[in-house]
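Participant: I'm passing along run21.txt; it holds compact mmCIF, C-alpha atoms.
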# COMPACT_ATOMS: atom_id res chain seq x y z
CA MET A 1 31.36 88.13 76.53
CA VAL A 2 35.02 89.01 76.37
CA GLU A 3 36.06 92.09 78.32
CA TRP A 4 38.75 94.26 76.81
CA THR A 5 40.61 96.99 78.65
CA GLU A 6 41.10 100.29 76.85
CA CYS A 7 44.79 99.48 76.72
CA GLU A 8 44.16 96.11 75.05
CA ARG A 9 41.84 97.67 72.45
CA ALA A 10 44.35 100.37 71.62
CA THR A 11 47.21 97.86 71.47
CA ILE A 12 45.37 95.53 69.08
CA LYS A 13 44.30 98.37 66.78
CA ASP A 14 47.84 99.72 66.86
CA ILE A 15 49.43 96.36 65.99
CA PHE A 16 47.17 95.80 63.01
CA ALA A 17 47.38 99.42 61.82
CA LYS A 18 51.15 98.98 61.50
CA LEU A 19 51.03 95.61 59.70
CA ASP A 20 51.47 95.22 55.96
CA TYR A 21 48.79 92.57 55.42
CA ASP A 22 50.22 91.65 52.01
CA SER A 23 53.55 90.83 53.60
CA VAL A 24 52.70 89.53 57.06
CA GLY A 25 49.85 87.28 55.89
CA PRO A 26 51.96 85.35 53.36
CA ALA A 27 54.88 85.19 55.82
CA ALA A 28 52.71 83.76 58.60
CA LEU A 29 50.99 81.17 56.41
CA SER A 30 54.21 80.01 54.74
CA ARG A 31 55.90 79.75 58.12
CA CYS A 32 53.00 77.62 59.36
CA LEU A 33 53.23 75.28 56.34
CA ILE A 34 57.00 74.95 56.84
CA VAL A 35 57.15 74.63 60.65
CA TYR A 36 54.05 72.40 60.90
CA PRO A 37 54.12 70.53 57.60
CA TRP A 38 51.01 68.49 58.38
CA THR A 39 49.01 71.69 57.89
CA GLN A 40 49.75 71.29 54.17
CA ARG A 41 46.95 68.71 54.12
CA TYR A 42 44.47 71.54 53.65
CA PHE A 43 46.22 72.99 50.61
CA GLY A 44 46.42 70.04 48.24
CA ASN A 45 45.43 72.13 45.24
CA PHE A 46 47.91 74.94 45.89
CA GLY A 47 50.63 73.46 43.67
CA ASN A 48 54.28 73.18 44.67
CA LEU A 49 54.76 72.94 48.45
CA TYR A 50 57.72 70.57 48.31
CA ASN A 51 60.21 72.66 50.25
CA ALA A 52 60.54 75.92 52.14
CA ALA A 53 61.63 77.88 49.08
CA ALA A 54 58.69 76.57 47.04
CA ILE A 55 56.25 77.42 49.81
CA MET A 56 57.60 80.93 50.28
CA GLY A 57 57.46 81.57 46.53
CA ASN A 58 54.02 80.02 45.97
CA PRO A 59 51.52 82.68 44.79
CA ASN A 60 48.52 80.69 46.09
CA VAL A 61 50.05 80.64 49.57
CA ALA A 62 50.70 84.37 49.38
CA LYS A 63 47.15 85.12 48.25
CA HIS A 64 45.68 82.97 50.99
CA GLY A 65 47.92 84.48 53.65
CA THR A 66 46.54 87.90 52.79
CA ILE A 67 42.97 86.55 52.95
CA ILE A 68 43.66 85.23 56.46
CA LEU A 69 44.95 88.62 57.64
CA HIS A 70 41.85 90.32 56.27
CA GLY A 71 39.84 87.73 58.18
CA LEU A 72 41.61 88.78 61.38
CA ASP A 73 40.91 92.39 60.48
CA ARG A 74 37.21 91.63 60.85
CA GLY A 75 37.87 90.68 64.45
CA VAL A 76 39.88 93.85 65.04
CA LYS A 77 36.92 95.91 63.81
CA ASN A 78 34.41 93.94 65.92
CA MET A 79 36.22 93.15 69.15
CA ASP A 80 33.01 93.25 71.17
CA ASN A 81 31.25 90.71 69.02
CA MET A 82 33.81 88.27 67.71
CA LYS A 83 31.47 85.30 68.23
CA ASP A 84 28.94 86.56 65.69
CA THR A 85 31.62 88.07 63.45
CA TYR A 86 33.21 84.65 62.98
CA ALA A 87 30.05 82.48 63.00
CA GLU A 88 29.94 82.13 59.22
CA LEU A 89 33.69 81.51 58.94
CA SER A 90 33.43 78.93 61.72
CA VAL A 91 30.79 76.99 59.77
CA LEU A 92 32.96 77.28 56.62
CA HIS A 93 36.05 75.91 58.37
CA SER A 94 34.16 73.03 59.99
CA GLU A 95 31.55 72.00 57.41
CA LYS A 96 33.27 72.78 54.13
CA LEU A 97 37.02 72.95 54.78
CA HIS A 98 37.09 70.32 57.57
CA VAL A 99 40.00 72.01 59.34
CA ASP A 100 41.01 70.52 62.71
CA PRO A 101 40.57 73.49 65.08
CA ASP A 102 43.92 72.71 66.74
CA ASN A 103 45.45 74.15 63.59
CA PHE A 104 44.11 77.61 64.44
CA LYS A 105 46.55 77.70 67.38
CA LEU A 106 49.44 76.75 65.09
CA ILE A 107 48.89 79.62 62.68
CA SER A 108 48.32 81.98 65.63
CA ASP A 109 51.75 81.07 67.00
CA CYS A 110 53.35 81.62 63.59
CA LEU A 111 51.60 84.96 63.18
CA THR A 112 52.81 86.01 66.64
CA ILE A 113 56.38 85.20 65.66
CA VAL A 114 56.13 87.11 62.37
CA VAL A 115 54.60 90.15 64.11
CA ALA A 116 57.38 89.94 66.72
CA SER A 117 60.07 89.95 64.04
CA ARG A 118 58.48 92.96 62.31
CA MET A 119 57.86 95.02 65.45
CA GLY A 120 61.16 94.21 67.15
CA LYS A 121 61.60 95.78 70.58
CA ALA A 122 58.17 97.44 70.29
CA PHE A 123 56.69 93.95 70.72
CA THR A 124 56.88 94.06 74.50
CA GLY A 125 55.44 91.47 76.88
CA GLU A 126 52.30 93.60 77.31
CA VAL A 127 51.81 93.90 73.54
CA GLN A 128 52.35 90.15 73.16
CA ALA A 129 49.81 89.50 75.94
CA ALA A 130 47.17 91.60 74.16
CA LEU A 131 47.81 89.87 70.82
CA GLN A 132 47.77 86.46 72.52
CA LYS A 133 44.38 87.26 74.08
CA PHE A 134 42.98 88.57 70.79
CA LEU A 135 44.14 85.53 68.83
CA ALA A 136 42.81 83.18 71.54
CA VAL A 137 39.37 84.79 71.18
CA VAL A 138 39.54 84.46 67.37
CA VAL A 139 40.54 80.80 67.74
CA SER A 140 37.70 80.17 70.19
CA SER A 141 35.16 81.96 67.94
CA LEU A 142 36.28 80.00 64.89
CA GLY A 143 35.86 76.75 66.83
CA ARG A 144 32.35 77.50 68.09
CA GLN A 145 30.32 76.04 65.23
CA TYR A 146 32.09 72.69 65.20
CA HIS A 147 30.10 69.66 66.22
CA MET B 148 57.43 63.46 68.50
CA THR B 149 59.79 63.06 65.56
CA SER B 150 63.50 62.81 66.25
CA LEU B 151 66.02 65.40 65.11
CA THR B 152 67.51 64.82 61.66
CA ALA B 153 71.13 65.64 60.85
CA LYS B 154 69.82 68.74 59.03
CA ASP B 155 67.91 69.85 62.14
CA LYS B 156 70.99 69.44 64.33
CA GLU B 157 73.13 71.45 61.92
CA ALA B 158 70.53 74.22 61.85
CA VAL B 159 70.32 74.31 65.66
CA LYS B 160 74.10 74.46 66.03
CA ALA B 161 74.31 77.16 63.36
CA ILE B 162 71.72 79.45 64.96
CA TRP B 163 73.09 78.75 68.44
CA ALA B 164 76.52 79.96 67.31
CA ILE B 165 74.87 83.23 66.30
CA VAL B 166 72.62 83.78 69.34
CA SER B 167 74.56 82.21 72.23
CA GLY B 168 76.36 85.47 73.00
CA LYS B 169 72.98 86.95 73.93
CA LYS B 170 71.58 83.89 75.67
CA ASP B 171 71.23 85.59 79.05
CA ASP B 172 69.16 88.40 77.52
CA ILE B 173 67.11 85.90 75.54
CA GLY B 174 66.38 83.87 78.68
CA THR B 175 65.46 86.90 80.75
CA ASP B 176 63.07 88.26 78.11
CA ALA B 177 61.53 84.80 77.48
CA VAL B 178 60.78 84.18 81.17
CA ALA B 179 59.46 87.73 81.62
CA ARG B 180 57.21 87.34 78.61
CA MET B 181 55.95 83.96 79.79
CA LEU B 182 54.90 85.43 83.14
CA THR B 183 53.16 88.36 81.42
CA VAL B 184 51.51 86.61 78.48
CA TYR B 185 50.57 83.38 80.26
CA PRO B 186 49.73 84.44 83.82
CA GLN B 187 48.94 80.87 84.88
CA THR B 188 52.70 80.21 84.83
CA ARG B 189 53.09 82.61 87.76
CA THR B 190 51.72 79.86 90.01
CA TYR B 191 55.15 78.23 89.98
CA PHE B 192 56.83 81.33 91.34
CA SER B 193 54.66 82.27 94.31
CA HIS B 194 57.83 82.23 96.40
CA TRP B 195 59.30 85.18 94.49
CA LYS B 196 58.72 88.65 95.87
CA ASP B 197 58.94 90.32 92.51
CA LEU B 198 57.63 88.81 89.25
CA SER B 199 58.05 91.93 87.16
CA PRO B 200 60.13 91.76 83.96
CA THR B 201 63.01 93.69 85.55
CA SER B 202 63.21 91.66 88.75
CA PRO B 203 66.55 90.01 89.58
CA ALA B 204 64.73 86.69 90.17
CA VAL B 205 63.38 86.75 86.61
CA ARG B 206 66.84 87.47 85.19
CA LYS B 207 68.46 84.77 87.32
CA HIS B 208 65.87 82.26 86.16
CA GLY B 209 66.22 83.26 82.52
CA VAL B 210 69.97 82.73 82.79
CA THR B 211 69.43 79.32 84.42
CA VAL B 212 67.00 78.19 81.73
CA MET B 213 69.28 79.22 78.89
CA ALA B 214 72.28 77.52 80.53
CA GLY B 215 70.13 74.39 80.34
CA VAL B 216 69.38 75.05 76.66
CA ALA B 217 73.10 75.56 75.98
CA ASP B 218 73.81 72.27 77.73
CA ALA B 219 71.15 70.60 75.61
CA VAL B 220 72.76 71.93 72.39
CA SER B 221 76.06 70.34 73.44
CA LYS B 222 74.26 67.06 74.14
CA ILE B 223 72.02 67.20 71.08
CA ASP B 224 72.93 63.65 70.07
CA ASP B 225 71.59 62.19 73.31
CA LEU B 226 69.13 64.51 75.00
CA LYS B 227 67.50 61.84 77.16
CA GLY B 228 70.81 60.69 78.60
CA GLY B 229 72.37 64.13 78.75
CA LEU B 230 69.44 65.81 80.53
CA LEU B 231 68.75 62.99 83.01
CA ALA B 232 69.60 65.03 86.10
CA LEU B 233 67.46 67.95 84.90
CA SER B 234 64.61 65.57 84.20
CA GLU B 235 64.79 64.20 87.73
CA LEU B 236 64.81 67.75 89.08
CA HIS B 237 61.71 68.71 87.08
CA ALA B 238 59.92 65.43 87.84
CA PHE B 239 60.49 65.03 91.56
CA THR B 240 61.27 68.47 92.90
CA LEU B 241 59.83 71.13 90.60
CA ARG B 242 56.92 69.10 89.20
CA VAL B 243 56.21 71.59 86.43
CA ASP B 244 53.31 70.47 84.27
CA PRO B 245 54.90 69.62 80.91
CA ALA B 246 52.35 71.79 79.08
CA ASN B 247 54.38 74.72 80.34
CA PHE B 248 57.50 73.62 78.47
CA LYS B 249 55.61 74.38 75.26
CA ILE B 250 54.71 77.83 76.54
CA LEU B 251 58.28 78.74 77.49
CA SER B 252 59.58 77.29 74.20
CA HIS B 253 57.18 79.54 72.27
CA CYS B 254 58.39 82.56 74.25
CA ILE B 255 62.02 81.69 73.50
CA LEU B 256 61.17 81.53 69.78
CA VAL B 257 59.36 84.90 69.95
CA VAL B 258 62.43 86.51 71.55
CA MET B 259 64.70 84.98 68.93
CA ALA B 260 62.42 86.40 66.21
CA ILE B 261 62.63 89.85 67.83
CA MET B 262 66.39 89.85 68.36
CA PHE B 263 67.43 88.02 65.19
CA PRO B 264 64.71 88.68 62.60
CA LYS B 265 66.97 88.03 59.60
CA GLU B 266 68.56 84.85 60.91
CA PHE B 267 65.35 83.35 62.32
CA THR B 268 64.20 82.04 58.96
CA PRO B 269 61.37 79.49 58.65
CA GLU B 270 63.96 76.70 58.25
CA ILE B 271 65.75 77.71 61.45
CA HIS B 272 62.36 78.16 63.15
CA VAL B 273 61.25 74.58 62.43
CA ALA B 274 64.61 73.16 63.58
CA MET B 275 64.51 75.17 66.84
CA ASP B 276 60.86 74.27 67.43
CA LYS B 277 61.70 70.58 67.00
CA PHE B 278 64.79 70.92 69.20
CA LEU B 279 62.95 72.63 72.05
CA ALA B 280 60.18 70.03 71.78
CA ALA B 281 62.83 67.29 72.03
CA VAL B 282 64.34 69.02 75.07
CA ALA B 283 60.89 69.22 76.67
CA LEU B 284 60.37 65.52 76.00
CA ALA B 285 63.72 64.68 77.60
CA LEU B 286 62.81 66.83 80.61
CA ALA B 287 59.51 64.97 81.02
CA GLU B 288 61.23 61.57 80.73
CA LYS B 289 61.28 60.87 84.45
CA TYR B 290 57.78 62.17 85.24
CA ARG B 291 56.13 58.73 85.28
Transcribe the structure of this file into structure tokens.

Facilitator:
Amino acid sequence: MVEWTECERATIKDIFAKLDYDSVGPAALSRCLIVYPWTQRYFGNFGNLYNAAAIMGNPNVAKHGTIILHGLDRGVKNMDNMKDTYAELSVLHSEKLHVDPDNFKLISDCLTIVVASRMGKAFTGEVQAALQKFLAVVVSSLGRQYH
Amino acid sequence: MTSLTAKDKEAVKAIWAIVSGKKDDIGTDAVARMLTVYPQTRTYFSHWKDLSPTSPAVRKHGVTVMAGVADAVSKIDDLKGGLLALSELHAFTLRVDPANFKILSHCILVVMAIMFPKEFTPEIHVAMDKFLAAVALALAEKYR
């Protein structure tokens, strides 16, 4: 089981409390599709992803970005049981969506960068460390049901 | 890894013109973050007395790293040739596992996003990510 310090718990809750999910989610997903274009393979039915402007203006991308953030929110609310919290989503991503789990790290990195740009100086090394740990646990939990 | 297109190079030079004035601060913060967020990287600095974000050794190293990045920008058309000496240093003397180049690159991008949120657009982000990956590849050239 993952051990969280009180400081880490507070930091994670604080980060997510301050995030506008409807803005950060779309920004993180569109950044991922632009910076790592091979991730577009999973969004064939999303319409126009031909260039950065199209991706950033695509309503399907925006909607899905928000869904992803709400998915992370589940982890924030269940930090002591992320494995079970994400079991169903792990099966979905492996059995139905067939997403290579390496991609989870890519969107985590993009989300970190978006959060950093929103929080500015408040995104200290300690805050980044807590977010990094949280996202690593999410990534690990999402990858558990793959075989 | 893909090679840098003309568009990538233009983007890198454009953002470098904007951020280079703060490169020492960027380097310091990136190295400090790396040591905090990825504690396994501390193994390379066991000879430092002080690994805290405000330590002079961290600042000095951040400055050194970013001087290397600046050099790489000026040699963007031939990174392998231009960074030969640095590659030999990393291969034979420092022997840093190349996985760590990715970690430090990510930290540099995070600091750029913090300090230049408006300018660090997704297009600039992809160009910088590609550039730093190309630099890392050039640094690993002499490893084996």

Participant: Kindly provide, as an NGL selection string, the polymer residues lying within 12 Å of (63.2, 89.9, 63.7), counting all atoms listed in the file and using the coordinates exactly as they appear in the file.

Facilitator: (:A and (112-123)) or (:B and (256-269 or 272))

Participant: When the cut-off is 12 Å and we count all atoms listed in the file, which residues of chain A are near chain B, given as number ranges by chain?

Facilitator: A: 27-37, 51-53, 55-56, 105-106, 108-134, 136

Participant: Give me the residues within 7 Å of range 140-143 of chain A as a list in words, counting all atoms listed in the file and dropping any in the same chain fewer than 5 places off.

Facilitator: Met82, Lys83, Tyr86, Ala87, Leu89, Ser90 and Pro101 of chain A

Participant: Select, from A:Met79, A:Leu49, A:Ala62, A:Val139, the residue with the minimum atom-to-atom distance to Asn103 in chain A, counting all atoms listed in the file.

Facilitator: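 So, comparing all the options, the nearest one is A:Val139.
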
Participant: One decimal, Å: what's the distance from CA of His70 in chain A over to CA of His147 in chain A, could you say?

Facilitator: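 Taking CA of His70 in chain A as the start and CA of His147 in chain A as the end point, the length is 25.8 Å.
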
Participant: CA of Leu231 in chain B to CA of Ala285 in chain B: how many Å, to one decimal?

Facilitator: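 Atom-to-atom, CA of Leu231 in chain B to CA of Ala285 in chain B, that is 7.6 Å.
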
Participant: Which value, in Å to one decimal, gives the distance between CA of Ser150 in chain B and CA of Gln40 in chain A?

Facilitator: 20.2 Å

Participant: For Glu95 in chain A, which residue out of A:Asp14, A:Gly44, A:Ser23, A:Tyr146 is the nearest one, using only C-alpha atoms?

Facilitator: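 Among the listed residues, the smallest separation from Glu95 in chain A belongs to A:Tyr146.
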
Participant: When distances are computed from only C-alpha atoms, which of B:Ala238, B:Val282, B:Ile173, B:Ile250 shows the smallest separation from Ser221 in chain B?

Facilitator: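 For Ser221 in chain B, the nearest of the candidates is B:Val282.
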
Participant: Using the atoms already present, construct N, CA and C atoms for range 244-277 of chain B and hand them back as a short mmCIF file (atom, residue, chain, number, x, y, z; two decimals), keeping the file's coordinate frame.

Facilitator:
data_model
loop_
_atom_site.label_atom_id
_atom_site.label_comp_id
_atom_site.auth_asym_id
_atom_site.auth_seq_id
_atom_site.Cartn_x
_atom_site.Cartn_y
_atom_site.Cartn_z
N ASP B 244 54.12 71.15 85.27
CA ASP B 244 53.31 70.47 84.27
C ASP B 244 53.96 70.63 82.90
N PRO B 245 54.18 69.53 82.19
CA PRO B 245 54.90 69.62 80.91
C PRO B 245 54.26 70.53 79.87
N ALA B 246 52.98 70.85 80.02
CA ALA B 246 52.35 71.79 79.08
C ALA B 246 53.08 73.13 79.08
N ASN B 247 53.69 73.44 80.23
CA ASN B 247 54.38 74.72 80.34
C ASN B 247 55.69 74.78 79.57
N PHE B 248 56.27 73.61 79.26
CA PHE B 248 57.50 73.62 78.47
C PHE B 248 57.22 74.20 77.10
N LYS B 249 56.01 73.87 76.57
CA LYS B 249 55.61 74.38 75.26
C LYS B 249 55.49 75.90 75.29
N ILE B 250 54.92 76.39 76.40
CA ILE B 250 54.71 77.83 76.54
C ILE B 250 56.05 78.55 76.57
N LEU B 251 56.98 78.07 77.40
CA LEU B 251 58.28 78.74 77.49
C LEU B 251 59.04 78.63 76.16
N SER B 252 58.93 77.46 75.51
CA SER B 252 59.58 77.29 74.20
C SER B 252 59.08 78.34 73.22
N HIS B 253 57.76 78.53 73.17
CA HIS B 253 57.18 79.54 72.27
C HIS B 253 57.74 80.92 72.58
N CYS B 254 57.86 81.24 73.87
CA CYS B 254 58.39 82.56 74.25
C CYS B 254 59.84 82.71 73.83
N ILE B 255 60.63 81.63 73.94
CA ILE B 255 62.02 81.69 73.50
C ILE B 255 62.06 81.98 72.00
N LEU B 256 61.20 81.30 71.23
CA LEU B 256 61.17 81.53 69.78
C LEU B 256 60.76 82.97 69.45
N VAL B 257 59.79 83.52 70.18
CA VAL B 257 59.36 84.90 69.95
C VAL B 257 60.54 85.85 70.17
N VAL B 258 61.30 85.62 71.26
CA VAL B 258 62.43 86.51 71.55
C VAL B 258 63.49 86.38 70.47
N MET B 259 63.73 85.17 70.01
CA MET B 259 64.70 84.98 68.93
C MET B 259 64.25 85.73 67.68
N ALA B 260 62.95 85.70 67.39
CA ALA B 260 62.42 86.40 66.21
C ALA B 260 62.60 87.91 66.36
N ILE B 261 62.46 88.41 67.59
CA ILE B 261 62.63 89.85 67.83
C ILE B 261 64.09 90.24 67.68
N MET B 262 64.98 89.46 68.32
CA MET B 262 66.39 89.85 68.36
C MET B 262 67.16 89.49 67.09
N PHE B 263 66.71 88.48 66.37
CA PHE B 263 67.43 88.02 65.19
C PHE B 263 66.47 87.81 64.02
N PRO B 264 65.76 88.88 63.61
CA PRO B 264 64.71 88.68 62.60
C PRO B 264 65.24 88.11 61.28
N LYS B 265 66.45 88.52 60.88
CA LYS B 265 66.97 88.03 59.60
C LYS B 265 67.39 86.56 59.69
N GLU B 266 68.02 86.21 60.80
CA GLU B 266 68.56 84.85 60.91
C GLU B 266 67.48 83.83 61.25
N PHE B 267 66.39 84.27 61.89
CA PHE B 267 65.35 83.35 62.32
C PHE B 267 64.39 83.05 61.17
N THR B 268 64.96 82.39 60.15
CA THR B 268 64.20 82.04 58.96
C THR B 268 63.23 80.90 59.29
N PRO B 269 62.27 80.62 58.39
CA PRO B 269 61.37 79.49 58.65
C PRO B 269 62.12 78.16 58.85
N GLU B 270 63.22 77.96 58.10
CA GLU B 270 63.96 76.70 58.25
C GLU B 270 64.59 76.59 59.63
N ILE B 271 65.15 77.71 60.11
CA ILE B 271 65.75 77.71 61.45
C ILE B 271 64.64 77.55 62.49
N HIS B 272 63.51 78.21 62.24
CA HIS B 272 62.36 78.16 63.15
C HIS B 272 61.90 76.72 63.36
N VAL B 273 61.75 75.95 62.27
CA VAL B 273 61.25 74.58 62.43
C VAL B 273 62.28 73.74 63.19
N ALA B 274 63.58 73.94 62.89
CA ALA B 274 64.61 73.16 63.58
C ALA B 274 64.62 73.48 65.08
N MET B 275 64.52 74.76 65.42
CA MET B 275 64.51 75.17 66.84
C MET B 275 63.26 74.68 67.54
N ASP B 276 62.12 74.73 66.84
CA ASP B 276 60.86 74.27 67.43
C ASP B 276 60.96 72.78 67.75
N LYS B 277 61.52 72.02 66.80
CA LYS B 277 61.70 70.58 67.00
C LYS B 277 62.67 70.33 68.14
#
